[in-house]
>>> print(open('my_file-v8.pdb').read())   # PDB, C-alpha atoms and all ligand atoms
ATOM      1  CA  MET A 292      -7.964  13.774   8.910
ATOM      2  CA  GLN A 293      -7.611  13.384   5.146
ATOM      3  CA  VAL A 294      -6.341  10.043   3.824
ATOM      4  CA  LEU A 295      -5.299   9.229   0.277
ATOM      5  CA  ILE A 296      -5.057   5.576  -0.767
ATOM      6  CA  ALA A 297      -3.580   5.446  -4.268
ATOM      7  CA  TYR A 298      -3.158   2.055  -5.928
ATOM      8  CA  HIS A 299      -2.970   0.206  -9.197
ATOM      9  CA  SER A 300      -4.982  -2.930  -9.872
ATOM     10  CA  ASP A 301      -5.547  -4.776 -13.146
ATOM     11  CA  TYR A 302      -7.482  -7.767 -11.803
ATOM     12  CA  GLY A 303      -8.954  -6.505  -8.525
ATOM     13  CA  ASN A 304      -6.676  -8.037  -5.882
ATOM     14  CA  THR A 305      -4.813  -4.868  -4.960
ATOM     15  CA  LYS A 306      -8.112  -2.968  -5.022
ATOM     16  CA  LYS A 307      -9.564  -5.449  -2.482
ATOM     17  CA  MET A 308      -6.586  -4.821  -0.202
ATOM     18  CA  ALA A 309      -7.022  -1.057  -0.634
ATOM     19  CA  GLU A 310     -10.673  -1.308   0.377
ATOM     20  CA  ALA A 311      -9.792  -3.435   3.415
ATOM     21  CA  ILE A 312      -7.197  -0.884   4.535
ATOM     22  CA  ALA A 313      -9.801   1.878   4.139
ATOM     23  CA  ALA A 314     -12.244  -0.141   6.290
ATOM     24  CA  GLY A 315      -9.543  -0.559   8.946
ATOM     25  CA  ILE A 316      -8.765   3.155   8.964
ATOM     26  CA  ARG A 317     -12.465   3.976   9.373
ATOM     27  CA  ALA A 318     -12.749   1.472  12.231
ATOM     28  CA  GLY A 319      -9.661   2.942  13.884
ATOM     29  CA  ARG A 320     -10.662   6.575  13.857
ATOM     30  CA  ALA A 321     -13.837   8.624  13.534
ATOM     31  CA  GLY A 322     -14.132  11.638  11.269
ATOM     32  CA  VAL A 323     -11.726  10.464   8.585
ATOM     33  CA  SER A 324     -12.178  11.400   4.961
ATOM     34  CA  ILE A 325     -10.746   8.698   2.687
ATOM     35  CA  ASP A 326      -9.936   9.288  -0.941
ATOM     36  CA  LEU A 327      -9.510   5.882  -2.581
ATOM     37  CA  ARG A 328      -8.294   6.212  -6.149
ATOM     38  CA  THR A 329      -6.060   4.717  -8.787
ATOM     39  CA  ALA A 330      -2.516   5.969  -9.154
ATOM     40  CA  GLU A 331      -3.329   7.198 -12.649
ATOM     41  CA  GLU A 332      -6.262   9.253 -11.327
ATOM     42  CA  THR A 333      -4.172  10.748  -8.521
ATOM     43  CA  SER A 334      -3.124  14.364  -8.911
ATOM     44  CA  LEU A 335      -0.371  16.229  -7.101
ATOM     45  CA  GLN A 336      -3.136  18.198  -5.399
ATOM     46  CA  ASP A 337      -4.506  14.916  -3.964
ATOM     47  CA  LEU A 338      -1.074  14.186  -2.468
ATOM     48  CA  LEU A 339      -0.826  17.693  -1.022
ATOM     49  CA  ALA A 340      -4.299  17.530   0.515
ATOM     50  CA  ALA A 341      -3.639  14.299   2.424
ATOM     51  CA  ASP A 342      -2.373  13.964   6.000
ATOM     52  CA  MET A 343      -1.745  10.271   5.340
ATOM     53  CA  ILE A 344      -0.726   8.741   1.986
ATOM     54  CA  VAL A 345      -0.961   4.984   1.358
ATOM     55  CA  PHE A 346       0.418   3.462  -1.850
ATOM     56  CA  GLY A 347      -0.480  -0.028  -3.062
ATOM     57  CA  THR A 348       0.763  -2.002  -6.045
ATOM     58  CA  PRO A 349       0.781  -5.442  -7.578
ATOM     59  CA  VAL A 350       4.273  -6.851  -8.097
ATOM     60  CA  HIS A 351       5.073  -6.674 -11.808
ATOM     61  CA  MET A 352       8.224  -8.448 -12.912
ATOM     62  CA  GLY A 353       9.828  -8.005  -9.496
ATOM     63  CA  SER A 354       8.946  -4.366  -8.944
ATOM     64  CA  MET A 355       6.014  -1.955  -8.686
ATOM     65  CA  ALA A 356       3.480  -1.428 -11.480
ATOM     66  CA  TRP A 357       4.542   1.349 -13.854
ATOM     67  CA  GLN A 358       1.371   3.270 -13.043
ATOM     68  CA  VAL A 359       2.530   3.698  -9.424
ATOM     69  CA  LYS A 360       6.082   4.566 -10.503
ATOM     70  CA  GLN A 361       4.674   7.152 -12.865
ATOM     71  CA  LEU A 362       2.820   8.800  -9.955
ATOM     72  CA  ILE A 363       6.039   8.770  -7.941
ATOM     73  CA  ASP A 364       7.912  10.410 -10.806
ATOM     74  CA  ARG A 365       5.172  13.003 -11.322
ATOM     75  CA  ALA A 366       5.495  13.871  -7.635
ATOM     76  CA  ALA A 367       9.205  14.678  -7.983
ATOM     77  CA  LYS A 368       8.154  18.323  -8.221
ATOM     78  CA  LEU A 369       6.818  18.053  -4.646
ATOM     79  CA  TRP A 370      10.182  16.688  -3.507
ATOM     80  CA  MET A 371      11.818  19.858  -4.861
ATOM     81  CA  GLU A 372       9.431  21.863  -2.665
ATOM     82  CA  SER A 373       9.645  19.531   0.395
ATOM     83  CA  ALA A 374       5.866  19.633   0.201
ATOM     84  CA  LEU A 375       5.159  16.143   1.589
ATOM     85  CA  GLU A 376       7.447  16.404   4.627
ATOM     86  CA  GLY A 377       5.850  15.189   7.845
ATOM     87  CA  LYS A 378       2.962  13.342   6.207
ATOM     88  CA  VAL A 379       2.357   9.760   7.304
ATOM     89  CA  GLY A 380       3.029   7.028   4.711
ATOM     90  CA  GLY A 381       1.983   3.400   4.447
ATOM     91  CA  VAL A 382       2.374   0.736   1.760
ATOM     92  CA  PHE A 383       0.821  -2.544   0.693
ATOM     93  CA  ALA A 384       1.125  -4.979  -2.199
ATOM     94  CA  THR A 385      -0.204  -8.102  -3.827
ATOM     95  CA  GLY A 386       1.670 -10.609  -5.928
ATOM     96  CA  GLY A 387       1.383 -14.018  -7.470
ATOM     97  CA  GLY A 388       4.207 -15.028  -5.136
ATOM     98  CA  PHE A 389       5.223 -18.096  -7.107
ATOM     99  CA  GLY A 390       8.120 -19.917  -5.483
ATOM    100  CA  GLY A 391       9.420 -19.810  -1.952
ATOM    101  CA  ALA A 392      10.510 -16.196  -1.616
ATOM    102  CA  GLY A 393       7.651 -13.901  -2.528
ATOM    103  CA  GLY A 394       8.366 -13.098  -6.178
ATOM    104  CA  GLY A 395       9.915  -9.680  -5.498
ATOM    105  CA  VAL A 396       7.352  -8.270  -3.094
ATOM    106  CA  GLU A 397       9.843  -7.145  -0.463
ATOM    107  CA  GLN A 398      11.956  -5.083  -2.822
ATOM    108  CA  THR A 399       8.767  -3.623  -4.258
ATOM    109  CA  MET A 400       7.535  -2.479  -0.845
ATOM    110  CA  ILE A 401      10.966  -1.224   0.201
ATOM    111  CA  ALA A 402      11.086   0.877  -2.980
ATOM    112  CA  LEU A 403       7.794   2.502  -1.947
ATOM    113  CA  HIS A 404       9.143   3.134   1.570
ATOM    114  CA  SER A 405      12.302   4.571   0.084
ATOM    115  CA  ASN A 406      10.333   7.076  -1.951
ATOM    116  CA  PHE A 407       8.310   8.192   1.081
ATOM    117  CA  LEU A 408      11.482   8.573   3.118
ATOM    118  CA  GLU A 409      13.030  10.647   0.336
ATOM    119  CA  HIS A 410      10.102  13.023   0.734
ATOM    120  CA  GLY A 411      10.710  13.256   4.482
ATOM    121  CA  MET A 412       7.510  11.421   5.275
ATOM    122  CA  LEU A 413       6.916   9.350   8.422
ATOM    123  CA  VAL A 414       6.753   5.747   7.252
ATOM    124  CA  VAL A 415       4.624   3.314   9.241
ATOM    125  CA  GLY A 416       5.469  -0.381   9.080
ATOM    126  CA  PHE A 417       3.374  -3.327  10.232
ATOM    127  CA  PRO A 418       4.144  -4.587  13.761
ATOM    128  CA  LYS A 419       4.116  -8.366  13.998
ATOM    129  CA  SER A 420       1.885  -8.449  17.106
ATOM    130  CA  LEU A 421      -1.113  -7.132  15.165
ATOM    131  CA  PRO A 422      -3.986  -9.360  13.959
ATOM    132  CA  GLY A 423      -3.428 -10.938  10.560
ATOM    133  CA  TYR A 424       0.332 -10.512  10.511
ATOM    134  CA  ALA A 425       1.068 -14.240  10.509
ATOM    135  CA  ASP A 426      -0.790 -14.716   7.223
ATOM    136  CA  GLY A 427      -0.639 -11.371   5.445
ATOM    137  CA  GLY A 428       2.111  -9.465   7.178
ATOM    138  CA  LEU A 429       5.536  -8.215   6.311
ATOM    139  CA  GLN A 430       7.319  -5.605   8.386
ATOM    140  CA  TRP A 431       6.872  -3.197   5.458
ATOM    141  CA  GLY A 432       3.090  -3.558   5.292
ATOM    142  CA  PRO A 433       0.376  -6.060   4.401
ATOM    143  CA  TYR A 434       0.836  -8.404   1.433
ATOM    144  CA  GLY A 435      -1.744 -10.552  -0.300
ATOM    145  CA  ARG A 436      -0.546 -13.526  -2.295
ATOM    146  CA  SER A 437      -2.975 -14.032  -5.153
ATOM    147  CA  GLY A 438      -1.376 -16.890  -7.099
ATOM    148  CA  ASN A 439      -2.098 -20.557  -6.495
ATOM    149  CA  HIS A 440       0.404 -23.365  -5.997
ATOM    150  CA  GLU A 441       0.663 -23.946  -9.738
ATOM    151  CA  GLY A 442       1.629 -20.311 -10.319
ATOM    152  CA  MET A 443      -1.735 -19.453 -11.847
ATOM    153  CA  PRO A 444      -3.828 -16.381 -10.905
ATOM    154  CA  ASP A 445      -6.211 -16.875  -8.010
ATOM    155  CA  THR A 446      -7.294 -14.347  -5.401
ATOM    156  CA  VAL A 447      -6.021 -12.844  -2.164
ATOM    157  CA  SER A 448      -7.178 -14.765   0.911
ATOM    158  CA  GLU A 449      -9.545 -13.532   3.609
ATOM    159  CA  ALA A 450      -6.562 -13.809   5.978
ATOM    160  CA  ALA A 451      -4.640 -11.266   3.900
ATOM    161  CA  LEU A 452      -7.658  -8.947   4.018
ATOM    162  CA  VAL A 453      -7.700  -9.295   7.821
ATOM    163  CA  ALA A 454      -4.063  -8.141   7.784
ATOM    164  CA  ALA A 455      -4.969  -5.216   5.548
ATOM    165  CA  ARG A 456      -7.800  -4.119   7.876
ATOM    166  CA  SER A 457      -5.532  -4.481  10.871
ATOM    167  CA  TYR A 458      -2.841  -2.359   9.186
ATOM    168  CA  GLY A 459      -5.460   0.302   8.382
ATOM    169  CA  ALA A 460      -6.485   0.490  12.031
ATOM    170  CA  HIS A 461      -2.814   0.758  13.011
ATOM    171  CA  LEU A 462      -2.237   3.609  10.540
ATOM    172  CA  ALA A 463      -5.240   5.442  11.992
ATOM    173  CA  GLU A 464      -3.972   4.975  15.540
ATOM    174  CA  VAL A 465      -0.440   6.135  14.731
ATOM    175  CA  THR A 466      -1.665   9.145  12.773
ATOM    176  CA  THR A 467      -3.984  10.140  15.602
ATOM    177  CA  GLY A 468      -0.984  10.138  17.924
ATOM    178  CA  ILE A 469       0.957  12.364  15.532
ATOM    179  CA  THR A 470      -1.772  14.834  14.580
ATOM    180  CA  THR A 471      -3.434  15.442  17.964
TER     181      THR A 471
HETATM  182  C1  LIG A 501       2.836  -8.203 -16.070
HETATM  183  C2  LIG A 501       2.751  -8.946 -14.765
HETATM  184  C3  LIG A 501       3.917  -9.236 -14.079
HETATM  185  C4  LIG A 501       3.870  -9.902 -12.846
HETATM  186  N1  LIG A 501       5.030 -10.147 -12.177
HETATM  187  C5  LIG A 501       4.989 -10.694 -10.941
HETATM  188  C6  LIG A 501       6.187 -10.859 -10.187
HETATM  189  O1  LIG A 501       7.276 -10.520 -10.597
HETATM  190  N2  LIG A 501       6.076 -11.394  -8.950
HETATM  191  C7  LIG A 501       4.893 -11.773  -8.433
HETATM  192  O2  LIG A 501       4.857 -12.238  -7.295
HETATM  193  N3  LIG A 501       3.721 -11.641  -9.124
HETATM  194  C8  LIG A 501       3.757 -11.101 -10.363
HETATM  195  N4  LIG A 501       2.594 -10.923 -11.066
HETATM  196  C9  LIG A 501       1.312 -11.321 -10.459
HETATM  197  C10 LIG A 501       0.578 -10.132  -9.858
HETATM  198  O3  LIG A 501       1.420  -9.380  -8.998
HETATM  199  C11 LIG A 501      -0.624 -10.604  -9.055
HETATM  200  O4  LIG A 501      -1.482 -11.348  -9.876
HETATM  201  C12 LIG A 501      -1.335  -9.440  -8.401
HETATM  202  O5  LIG A 501      -2.089  -9.884  -7.296
HETATM  203  C13 LIG A 501      -2.249  -8.727  -9.382
HETATM  204  O6  LIG A 501      -2.871  -7.666  -8.742
HETATM  205  P1  LIG A 501      -4.232  -7.061  -9.296
HETATM  206  O7  LIG A 501      -5.279  -8.146  -9.236
HETATM  207  O8  LIG A 501      -4.535  -5.939  -8.377
HETATM  208  O9  LIG A 501      -3.964  -6.613 -10.696
HETATM  209  C14 LIG A 501       2.618 -10.292 -12.299
HETATM  210  C15 LIG A 501       1.429 -10.014 -13.012
HETATM  211  C16 LIG A 501       1.508  -9.336 -14.215
HETATM  212  C17 LIG A 501       0.219  -9.015 -14.937
END
>>> encode(input="my_file-v8.pdb", output="structure tokens")
Amino acid sequence: MQVLIAYHSDYGNTKKMAEAIAAGIRAGRAGVSIDLRTAEETSLQDLLAADMIVFGTPVHMGSMAWQVKQLIDRAAKLWMESALEGKVGGVFATGGGFGGAGGGVEQTMIALHSNFLEHGMLVVGFPKSLPGYADGGLQWGPYGRSGNHEGMPDTVSEAALVAARSYGAHLAEVTTGITT
């Protein structure tokens, strides 16, 4: 099974989540090849080669980072060809999360889901019974809050990384069920 994890990260938090998801996928299934790369480095060929595509982004001003949106827009050509239909999709995000309502993370993740669904992909959410959900879970996928209580940059918690690993294992399990 070929997996592509494409993400953007300026300060390393989203990259940490990406690596934790990769570790979870490896733990969940043997014989997986994982291509972990930035959205800017990701080519259309990388998308085509993958059985499973996972997109991750920091929340930037209430939506995804432009680097991830640019990849999505580059891939519009593949939508014309229905080339990603049937592939498995997963999403994750990090955000400062200042305030009581997540700083725009939900709409960011839903926008990623929406794009995958437009392509006819099979979107995998994050079931609440899985390890880590209580701290780093949203039904859309794992989320790491990286800001502190004063609204200043900090780092994603170990609990959020547990959620990311758990989501990776879930993606592997679901994809195994679909591809075998
Ligand atoms: C330009 C910019 C805009 C941001 N806007 C938001 C926002 O709207 N909501 C939020 O929760 N966090 C926001 N943040 C905080 C980042 O999402 C957060 O620090 C994230 O974990 C950074 O990920 P990274 O370390 O992978 O770059 C913003 C950060 C930057 C640099």
>>> axis_aligned_box(input="my_file-v8.pdb", around="ligand LIG 501 (chain A)", padding_each_side="8 Å", output="lines of an AutoDock Vina configuration file")
center_x = 1.0
center_y = -9.1
center_z = -11.7
size_x = 28.6
size_y = 22.3
size_z = 24.8
>>> residues_near_ligand(input="my_file-v8.pdb", ligand="ligand LIG 501 (chain A)", cutoff="6 Å", atoms="only C-alpha atoms and all ligand atoms", output="PyMOL selection string")
chain A and resi 300-306+349-353+385-389+393-395+437+444
>>> resolve_selection(input="my_file-v8.pdb", expression="the PyMOL selection byres (((chain A and resi 294) around 10) and not hetatm)", output="ChimeraX atom specification")
/A:292-293,295-297,313,316,323-327,337-338,340-345,379-380,463
>>> write_last_selection(input="my_file-v8.pdb", atoms="C-alpha atoms", output="short mmCIF file (atom, residue, chain, number, x, y, z; two decimals), in the coordinates of the input")
data_model
loop_
_atom_site.label_atom_id
_atom_site.label_comp_id
_atom_site.auth_asym_id
_atom_site.auth_seq_id
_atom_site.Cartn_x
_atom_site.Cartn_y
_atom_site.Cartn_z
CA MET A 292 -7.96 13.77 8.91
CA GLN A 293 -7.61 13.38 5.15
CA LEU A 295 -5.30 9.23 0.28
CA ILE A 296 -5.06 5.58 -0.77
CA ALA A 297 -3.58 5.45 -4.27
CA ALA A 313 -9.80 1.88 4.14
CA ILE A 316 -8.76 3.16 8.96
CA VAL A 323 -11.73 10.46 8.59
CA SER A 324 -12.18 11.40 4.96
CA ILE A 325 -10.75 8.70 2.69
CA ASP A 326 -9.94 9.29 -0.94
CA LEU A 327 -9.51 5.88 -2.58
CA ASP A 337 -4.51 14.92 -3.96
CA LEU A 338 -1.07 14.19 -2.47
CA ALA A 340 -4.30 17.53 0.52
CA ALA A 341 -3.64 14.30 2.42
CA ASP A 342 -2.37 13.96 6.00
CA MET A 343 -1.74 10.27 5.34
CA ILE A 344 -0.73 8.74 1.99
CA VAL A 345 -0.96 4.98 1.36
CA VAL A 379 2.36 9.76 7.30
CA GLY A 380 3.03 7.03 4.71
CA ALA A 463 -5.24 5.44 11.99
#
>>> closest_residue(input="my_file-v8.pdb", among="A:Val453, A:Met412, A:Ala314, A:Ala384", to="Gly435 of chain A", atoms="all atoms listed in the file")
A:Ala384
>>> atom_distance(input="my_file-v8.pdb", atom1="atom CA of Ile312 of chain A", atom2="atom CA of Leu462 of chain A")
9.0 Å
>>> atom_distance(input="my_file-v8.pdb", atom1="atom CA of Leu413 of chain A", atom2="atom CA of Gly381 of chain A")
8.7 Å
>>> atom_distance(input="my_file-v8.pdb", atom1="atom CA of Arg317 of chain A", atom2="atom CA of Gly468 of chain A")
15.6 Å
>>> closest_residue(input="my_file-v8.pdb", among="A:Val382, A:Thr329, A:His440, A:Val396", to="Ala455 of chain A", atoms="all atoms listed in the file")
A:Val382
>>> residues_around(input="my_file-v8.pdb", residues="Tyr434 of chain A", least_positions_apart="2", cutoff="7 Å", atoms="only C-alpha atoms", output="PDB file with C-alpha atoms, keeping the file's coordinate frame")
ATOM      1  CA  PHE A 383       0.821  -2.544   0.693  1.00  0.00           C
ATOM      2  CA  ALA A 384       1.125  -4.979  -2.199  1.00  0.00           C
ATOM      3  CA  THR A 385      -0.204  -8.102  -3.827  1.00  0.00           C
ATOM      4  CA  GLY A 427      -0.639 -11.371   5.445  1.00  0.00           C
ATOM      5  CA  GLY A 428       2.111  -9.465   7.178  1.00  0.00           C
ATOM      6  CA  LEU A 429       5.536  -8.215   6.311  1.00  0.00           C
ATOM      7  CA  GLY A 432       3.090  -3.558   5.292  1.00  0.00           C
ATOM      8  CA  ARG A 436      -0.546 -13.526  -2.295  1.00  0.00           C
ATOM      9  CA  ALA A 451      -4.640 -11.266   3.900  1.00  0.00           C
TER      10      ALA A 451
END
>>> residues_around(input="my_file-v8.pdb", residues="Leu339 of chain A", least_positions_apart="4", cutoff="8 Å", atoms="all atoms listed in the file", output="short mmCIF file (atom, residue, chain, number, x, y, z; two decimals) with C-alpha atoms, keeping the file's coordinate frame")
data_model
loop_
_atom_site.label_atom_id
_atom_site.label_comp_id
_atom_site.auth_asym_id
_atom_site.auth_seq_id
_atom_site.Cartn_x
_atom_site.Cartn_y
_atom_site.Cartn_z
CA LEU A 335 -0.37 16.23 -7.10
CA ALA A 374 5.87 19.63 0.20
CA LEU A 375 5.16 16.14 1.59
#
>>> closest_residue(input="my_file-v8.pdb", among="A:Ala318, A:Leu408, A:Ala330, A:Ala309", to="His461 of chain A", atoms="only C-alpha atoms")
A:Ala318
>>> closest_residue(input="my_file-v8.pdb", among="A:Gln398, A:Gln336, A:Gln358, A:Ser457", to="His299 of chain A", atoms="only C-alpha atoms")
A:Gln358
>>> closest_residue(input="my_file-v8.pdb", among="A:Thr446, A:Thr470, A:Glu441, A:Tyr458", to="Gly319 of chain A", atoms="all atoms listed in the file")
A:Tyr458
>>> build_atoms(input="my_file-v8.pdb", residues="segment 399-412 of chain A", atoms="N, CA and C atoms", output="tab-separated table (two decimals), keeping the file's coordinate frame")
chain	number	residue	atom	x	y	z
A	399	THR	N	9.80	-4.54	-3.77
A	399	THR	CA	8.77	-3.62	-4.26
A	399	THR	C	8.31	-2.70	-3.13
A	400	MET	N	8.03	-3.28	-1.97
A	400	MET	CA	7.54	-2.48	-0.84
A	400	MET	C	8.63	-1.55	-0.30
A	401	ILE	N	9.85	-2.06	-0.28
A	401	ILE	CA	10.97	-1.22	0.20
A	401	ILE	C	11.16	-0.03	-0.73
A	402	ALA	N	10.95	-0.24	-2.03
A	402	ALA	CA	11.09	0.88	-2.98
A	402	ALA	C	10.03	1.95	-2.69
A	403	LEU	N	8.84	1.52	-2.30
A	403	LEU	CA	7.79	2.50	-1.95
A	403	LEU	C	8.19	3.25	-0.67
A	404	HIS	N	8.67	2.49	0.33
A	404	HIS	CA	9.14	3.13	1.57
A	404	HIS	C	10.24	4.15	1.26
A	405	SER	N	11.16	3.72	0.39
A	405	SER	CA	12.30	4.57	0.08
A	405	SER	C	11.84	5.91	-0.50
A	406	ASN	N	10.85	5.83	-1.37
A	406	ASN	CA	10.33	7.08	-1.95
A	406	ASN	C	9.72	7.97	-0.88
A	407	PHE	N	8.93	7.39	0.01
A	407	PHE	CA	8.31	8.19	1.08
A	407	PHE	C	9.39	8.83	1.97
A	408	LEU	N	10.41	8.04	2.26
A	408	LEU	CA	11.48	8.57	3.12
A	408	LEU	C	12.24	9.70	2.42
A	409	GLU	N	12.37	9.58	1.10
A	409	GLU	CA	13.03	10.65	0.34
A	409	GLU	C	12.26	11.96	0.49
A	410	HIS	N	10.94	11.84	0.58
A	410	HIS	CA	10.10	13.02	0.73
A	410	HIS	C	10.11	13.56	2.17
A	411	GLY	N	10.74	12.82	3.08
A	411	GLY	CA	10.71	13.26	4.48
A	411	GLY	C	9.42	12.89	5.18
A	412	MET	N	8.76	11.86	4.64
A	412	MET	CA	7.51	11.42	5.28
A	412	MET	C	7.79	10.46	6.44
